[in-house]
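> I'm passing along coords.cif; it holds mmCIF, N, CA and C atoms.
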data_target
loop_
_atom_site.label_atom_id
_atom_site.label_comp_id
_atom_site.auth_asym_id
_atom_site.auth_seq_id
_atom_site.Cartn_x
_atom_site.Cartn_y
_atom_site.Cartn_z
N MET A 1 0.84 -1.18 0.00
CA MET A 1 0.00 0.00 0.00
C MET A 1 0.88 1.25 0.00
N ILE A 2 0.33 2.29 -0.52
CA ILE A 2 1.00 3.59 -0.49
C ILE A 2 -0.07 4.63 -0.13
N GLY A 3 0.32 5.60 0.64
CA GLY A 3 -0.66 6.61 1.04
C GLY A 3 0.02 7.87 1.51
N GLY A 4 -0.80 8.81 1.92
CA GLY A 4 -0.26 10.06 2.39
C GLY A 4 -1.29 10.91 3.08
N VAL A 5 -0.78 11.96 3.67
CA VAL A 5 -1.60 12.95 4.36
C VAL A 5 -1.17 14.32 3.86
N LYS A 6 -2.12 15.13 3.43
CA LYS A 6 -1.83 16.49 2.97
C LYS A 6 -2.51 17.46 3.91
N HIS A 7 -1.77 18.45 4.37
CA HIS A 7 -2.31 19.53 5.19
C HIS A 7 -2.40 20.75 4.30
N LEU A 8 -3.60 21.34 4.19
CA LEU A 8 -3.83 22.44 3.28
C LEU A 8 -4.47 23.63 3.99
N VAL A 9 -4.10 24.81 3.59
CA VAL A 9 -4.80 26.01 4.02
C VAL A 9 -5.31 26.67 2.75
N VAL A 10 -6.62 26.83 2.68
CA VAL A 10 -7.27 27.39 1.50
C VAL A 10 -7.36 28.91 1.64
N ASN A 11 -7.13 29.60 0.55
CA ASN A 11 -7.22 31.06 0.56
C ASN A 11 -8.60 31.51 1.05
N GLU A 12 -8.60 32.59 1.79
CA GLU A 12 -9.85 33.14 2.32
C GLU A 12 -10.84 33.42 1.20
N GLY A 13 -12.08 33.00 1.40
CA GLY A 13 -13.13 33.21 0.42
C GLY A 13 -13.18 32.14 -0.66
N GLN A 14 -12.25 31.20 -0.65
CA GLN A 14 -12.19 30.15 -1.67
C GLN A 14 -12.62 28.77 -1.15
N GLU A 15 -13.15 28.72 0.07
CA GLU A 15 -13.48 27.44 0.69
C GLU A 15 -14.50 26.65 -0.13
N GLU A 16 -15.57 27.30 -0.57
CA GLU A 16 -16.61 26.58 -1.33
C GLU A 16 -16.08 26.10 -2.68
N THR A 17 -15.26 26.92 -3.31
CA THR A 17 -14.64 26.51 -4.58
C THR A 17 -13.77 25.29 -4.36
N PHE A 18 -12.95 25.31 -3.32
CA PHE A 18 -12.10 24.17 -3.01
C PHE A 18 -12.94 22.91 -2.76
N LEU A 19 -13.99 23.03 -1.97
CA LEU A 19 -14.83 21.87 -1.66
C LEU A 19 -15.47 21.30 -2.93
N GLU A 20 -15.92 22.16 -3.82
CA GLU A 20 -16.52 21.69 -5.07
C GLU A 20 -15.47 20.99 -5.94
N LEU A 21 -14.28 21.55 -6.02
CA LEU A 21 -13.21 20.89 -6.78
C LEU A 21 -12.87 19.53 -6.18
N PHE A 22 -12.81 19.45 -4.85
CA PHE A 22 -12.51 18.18 -4.20
C PHE A 22 -13.60 17.16 -4.50
N ARG A 23 -14.87 17.57 -4.38
CA ARG A 23 -15.99 16.65 -4.68
C ARG A 23 -15.92 16.14 -6.11
N THR A 24 -15.60 17.03 -7.05
CA THR A 24 -15.49 16.63 -8.45
C THR A 24 -14.36 15.63 -8.64
N LEU A 25 -13.21 15.92 -8.04
CA LEU A 25 -12.07 15.00 -8.14
C LEU A 25 -12.41 13.64 -7.54
N LYS A 26 -13.01 13.63 -6.37
CA LYS A 26 -13.33 12.36 -5.72
C LYS A 26 -14.34 11.56 -6.55
N ALA A 27 -15.31 12.22 -7.15
CA ALA A 27 -16.28 11.53 -8.00
C ALA A 27 -15.59 10.89 -9.21
N GLU A 28 -14.67 11.60 -9.82
CA GLU A 28 -13.92 11.04 -10.96
C GLU A 28 -13.05 9.87 -10.52
N MET A 29 -12.42 10.02 -9.37
CA MET A 29 -11.59 8.93 -8.85
C MET A 29 -12.41 7.68 -8.60
N THR A 30 -13.60 7.85 -8.06
CA THR A 30 -14.48 6.71 -7.78
C THR A 30 -14.81 5.96 -9.07
N LYS A 31 -15.01 6.69 -10.15
CA LYS A 31 -15.34 6.08 -11.44
C LYS A 31 -14.14 5.42 -12.12
N HIS A 32 -12.95 6.02 -11.98
CA HIS A 32 -11.82 5.65 -12.83
C HIS A 32 -10.60 5.07 -12.13
N GLU A 33 -10.59 5.03 -10.81
CA GLU A 33 -9.38 4.59 -10.10
C GLU A 33 -9.67 3.42 -9.16
N PRO A 34 -9.72 2.22 -9.70
CA PRO A 34 -9.99 1.06 -8.84
C PRO A 34 -8.87 0.80 -7.82
N GLY A 35 -7.69 1.34 -8.05
CA GLY A 35 -6.58 1.15 -7.13
C GLY A 35 -6.58 2.11 -5.95
N ASN A 36 -7.55 3.03 -5.93
CA ASN A 36 -7.67 3.96 -4.80
C ASN A 36 -8.48 3.29 -3.70
N VAL A 37 -7.90 3.20 -2.51
CA VAL A 37 -8.59 2.59 -1.37
C VAL A 37 -9.48 3.63 -0.70
N TYR A 38 -8.93 4.82 -0.47
CA TYR A 38 -9.74 5.94 0.03
C TYR A 38 -9.08 7.26 -0.28
N TYR A 39 -9.88 8.30 -0.31
CA TYR A 39 -9.45 9.68 -0.56
C TYR A 39 -10.43 10.55 0.21
N ASP A 40 -10.04 11.00 1.39
CA ASP A 40 -10.97 11.67 2.29
C ASP A 40 -10.48 13.07 2.67
N LEU A 41 -11.44 13.93 2.99
CA LEU A 41 -11.17 15.31 3.36
C LEU A 41 -11.75 15.60 4.74
N TYR A 42 -10.95 16.25 5.57
CA TYR A 42 -11.38 16.65 6.91
C TYR A 42 -11.08 18.13 7.07
N ARG A 43 -11.99 18.85 7.73
CA ARG A 43 -11.79 20.27 8.00
C ARG A 43 -11.46 20.45 9.48
N SER A 44 -10.51 21.31 9.76
CA SER A 44 -10.14 21.60 11.14
C SER A 44 -11.31 22.29 11.85
N ARG A 45 -11.54 21.92 13.09
CA ARG A 45 -12.58 22.58 13.88
C ARG A 45 -12.10 23.94 14.38
N LYS A 46 -10.79 24.10 14.51
CA LYS A 46 -10.24 25.34 15.07
C LYS A 46 -9.84 26.36 14.00
N ALA A 47 -9.46 25.89 12.84
CA ALA A 47 -9.01 26.77 11.76
C ALA A 47 -9.82 26.43 10.51
N VAL A 48 -10.91 27.16 10.29
CA VAL A 48 -11.90 26.77 9.28
C VAL A 48 -11.38 26.69 7.85
N ARG A 49 -10.26 27.29 7.54
CA ARG A 49 -9.70 27.20 6.19
C ARG A 49 -8.65 26.11 6.07
N THR A 50 -8.45 25.36 7.13
CA THR A 50 -7.43 24.31 7.15
C THR A 50 -8.10 22.95 6.96
N TYR A 51 -7.54 22.17 6.04
CA TYR A 51 -8.07 20.85 5.70
C TYR A 51 -6.95 19.82 5.74
N VAL A 52 -7.35 18.59 5.94
CA VAL A 52 -6.43 17.46 5.86
C VAL A 52 -7.02 16.47 4.85
N VAL A 53 -6.20 16.07 3.89
CA VAL A 53 -6.59 15.07 2.91
C VAL A 53 -5.82 13.80 3.24
N THR A 54 -6.54 12.69 3.39
CA THR A 54 -5.88 11.40 3.57
C THR A 54 -6.17 10.56 2.34
N GLU A 55 -5.15 9.86 1.87
CA GLU A 55 -5.32 9.04 0.67
C GLU A 55 -4.52 7.76 0.78
N ARG A 56 -5.06 6.72 0.14
CA ARG A 56 -4.38 5.43 0.15
C ARG A 56 -4.65 4.71 -1.16
N TYR A 57 -3.60 4.08 -1.68
CA TYR A 57 -3.66 3.37 -2.96
C TYR A 57 -3.10 1.96 -2.78
N ARG A 58 -3.58 1.07 -3.61
CA ARG A 58 -3.14 -0.34 -3.52
C ARG A 58 -1.64 -0.51 -3.77
N ASP A 59 -1.09 0.32 -4.67
CA ASP A 59 0.33 0.20 -5.00
C ASP A 59 0.80 1.49 -5.68
N GLU A 60 2.07 1.53 -5.99
CA GLU A 60 2.68 2.70 -6.64
C GLU A 60 2.02 2.99 -7.98
N ALA A 61 1.69 1.95 -8.73
CA ALA A 61 1.05 2.16 -10.04
C ALA A 61 -0.29 2.86 -9.89
N ALA A 62 -1.06 2.49 -8.88
CA ALA A 62 -2.36 3.14 -8.65
C ALA A 62 -2.16 4.61 -8.27
N PHE A 63 -1.14 4.88 -7.46
CA PHE A 63 -0.85 6.26 -7.07
C PHE A 63 -0.43 7.08 -8.30
N GLN A 64 0.43 6.53 -9.13
CA GLN A 64 0.88 7.23 -10.34
C GLN A 64 -0.28 7.46 -11.30
N SER A 65 -1.19 6.50 -11.38
CA SER A 65 -2.39 6.66 -12.21
C SER A 65 -3.20 7.87 -11.74
N HIS A 66 -3.31 8.01 -10.43
CA HIS A 66 -4.01 9.16 -9.86
C HIS A 66 -3.29 10.47 -10.22
N GLN A 67 -1.99 10.48 -10.05
CA GLN A 67 -1.20 11.69 -10.29
C GLN A 67 -1.22 12.14 -11.75
N THR A 68 -1.37 11.21 -12.66
CA THR A 68 -1.28 11.53 -14.08
C THR A 68 -2.62 11.46 -14.81
N SER A 69 -3.71 11.33 -14.08
CA SER A 69 -5.02 11.21 -14.72
C SER A 69 -5.37 12.48 -15.51
N ALA A 70 -6.06 12.28 -16.62
CA ALA A 70 -6.45 13.41 -17.47
C ALA A 70 -7.41 14.35 -16.74
N TYR A 71 -8.31 13.83 -15.95
CA TYR A 71 -9.26 14.67 -15.22
C TYR A 71 -8.60 15.34 -14.02
N GLY A 72 -7.56 14.71 -13.46
CA GLY A 72 -6.91 15.26 -12.28
C GLY A 72 -6.07 16.49 -12.57
N LYS A 73 -5.39 16.50 -13.69
CA LYS A 73 -4.47 17.60 -13.98
C LYS A 73 -5.13 18.98 -13.87
N PRO A 74 -6.26 19.24 -14.55
CA PRO A 74 -6.86 20.57 -14.42
C PRO A 74 -7.42 20.83 -13.01
N LEU A 75 -7.93 19.79 -12.37
CA LEU A 75 -8.45 19.97 -11.01
C LEU A 75 -7.33 20.28 -10.02
N PHE A 76 -6.20 19.56 -10.14
CA PHE A 76 -5.05 19.83 -9.27
C PHE A 76 -4.56 21.27 -9.46
N GLN A 77 -4.50 21.72 -10.72
CA GLN A 77 -4.04 23.08 -11.01
C GLN A 77 -4.97 24.11 -10.37
N GLN A 78 -6.27 23.89 -10.49
CA GLN A 78 -7.23 24.83 -9.91
C GLN A 78 -7.14 24.83 -8.38
N MET A 79 -6.94 23.65 -7.79
CA MET A 79 -6.81 23.57 -6.34
C MET A 79 -5.55 24.29 -5.86
N ARG A 80 -4.44 24.03 -6.54
CA ARG A 80 -3.18 24.68 -6.14
C ARG A 80 -3.27 26.20 -6.21
N ALA A 81 -4.07 26.71 -7.13
CA ALA A 81 -4.20 28.15 -7.30
C ALA A 81 -4.91 28.82 -6.12
N ILE A 82 -5.66 28.06 -5.33
CA ILE A 82 -6.41 28.64 -4.21
C ILE A 82 -5.94 28.13 -2.85
N ILE A 83 -4.80 27.46 -2.83
CA ILE A 83 -4.23 26.94 -1.59
C ILE A 83 -3.03 27.81 -1.20
N THR A 84 -3.04 28.28 0.04
CA THR A 84 -1.93 29.07 0.54
C THR A 84 -0.78 28.18 0.97
N ILE A 85 -1.09 27.14 1.71
CA ILE A 85 -0.07 26.23 2.23
C ILE A 85 -0.51 24.81 1.91
N GLY A 86 0.41 24.02 1.42
CA GLY A 86 0.13 22.62 1.17
C GLY A 86 1.35 21.80 1.50
N LYS A 87 1.20 20.82 2.38
CA LYS A 87 2.32 19.98 2.78
C LYS A 87 1.88 18.53 2.67
N PHE A 88 2.70 17.69 2.03
CA PHE A 88 2.39 16.28 1.83
C PHE A 88 3.33 15.42 2.65
N GLN A 89 2.74 14.48 3.36
CA GLN A 89 3.53 13.48 4.07
C GLN A 89 3.11 12.12 3.52
N GLY A 90 4.01 11.45 2.83
CA GLY A 90 3.67 10.18 2.21
C GLY A 90 4.30 9.02 2.94
N ALA A 91 3.71 7.85 2.72
CA ALA A 91 4.24 6.64 3.35
C ALA A 91 3.88 5.45 2.48
N LYS A 92 4.76 4.48 2.48
CA LYS A 92 4.50 3.21 1.81
C LYS A 92 4.49 2.13 2.88
N SER A 93 3.69 1.13 2.66
CA SER A 93 3.70 -0.01 3.57
C SER A 93 3.62 -1.29 2.77
N THR A 94 4.01 -2.35 3.38
CA THR A 94 3.86 -3.65 2.77
C THR A 94 2.79 -4.39 3.55
N LYS A 95 2.31 -5.49 3.00
CA LYS A 95 1.29 -6.28 3.70
C LYS A 95 1.80 -6.70 5.06
N LYS A 96 3.08 -7.09 5.16
CA LYS A 96 3.64 -7.53 6.41
C LYS A 96 3.60 -6.41 7.46
N GLU A 97 3.99 -5.19 7.06
CA GLU A 97 3.95 -4.07 7.98
C GLU A 97 2.53 -3.76 8.43
N GLU A 98 1.58 -3.88 7.52
CA GLU A 98 0.19 -3.59 7.84
C GLU A 98 -0.35 -4.51 8.92
N THR A 99 0.02 -5.77 8.90
CA THR A 99 -0.54 -6.72 9.84
C THR A 99 -0.03 -6.48 11.27
N ARG A 100 1.07 -5.76 11.42
CA ARG A 100 1.60 -5.47 12.74
C ARG A 100 0.82 -4.35 13.44
N SER A 101 0.12 -3.54 12.71
CA SER A 101 -0.58 -2.39 13.31
C SER A 101 -1.78 -2.84 14.11
#
Using the file provided, produce a representation of the structure as structure tokens.


Amino acid sequence: MIGGVKHLVVNEGQEETFLELFRTLKAEMTKHEPGNVYYDLYRSRKAVRTYVVTERYRDEAAFQSHQTSAYGKPLFQQMRAIITIGKFQGAKSTKKEETRS
């Protein structure tokens, strides 16, 4: 498995636009990315423009498929344009490592 956590701060006044872009991306992923295990969004209770995205893929190929998807490219560009801060923390695991958790 491969996955990651992204911490994002959305520009003021762009929260609804960001949420709509995220919903659109997730809907496309559901249709076209069988290797995606989950792709979820959480909003901070204390900082309303701060979000956390958690994502997990079956393998590196599934992650690369997500990164290079035709529908993702314009959505990623639009999201980046309205994000002030974005930090990605990625991790890979093997089946053996997973069973220890």

> Every residue with an atom at most 12 Å from (-3.4, 8.0, -15.1) (file coordinates; only C-alpha atoms) is what I'm after, so could you write them as a ChimeraX atom specification?

/A:28-29,32-36,60-73

> Pull the strand (DSSP E) assignments for stretch 15-90 of chain A out of DSSP run on the backbone, and list those residues as a ChimeraX atom specification.

/A:36-43,50-57,83-90

> If you take every atom of stretch 47-56 of chain A that the file lists and fit an axis-aligned box around them with 5 Å extra on each side, what centre and edge lengths come out in Å to one decimal, as JSON?


{"center_x": -8.1, "center_y": 16.0, "center_z": 5.8, "size_x": 17.5, "size_y": 32.6, "size_z": 24.0}

> Could you state which residues are captured by the PyMOL selection byres ((chain A and resi 50-53) around 6.5) in this file, as a PyMOL selection string?

chain A and resi 4-10+39-44+47-49+54-55

> Rank A:Arg45, A:Arg56, A:Leu21, A:Tyr38 by their smallest atom-to-atom distance to A:Phe76, using all atoms listed in the file, and report the top residue only.

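The answer is A:Leu21, which sits nearest to A:Phe76.
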
> Would you mind reading off the distance between atom CA of A:Glu16 and atom CA of A:Ile2, one decimal, in Å?

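So the two atoms, atom CA of A:Glu16 and atom CA of A:Ile2, lie 29.0 Å apart.
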
> Compare A:Val37, A:Met79, A:Met1, A:Ile85 by their minimum atom-to-atom distance to A:Phe22, counting only C-alpha atoms, and give me the closest one.

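The shortest atom-to-atom distance to A:Phe22 comes from A:Met79.
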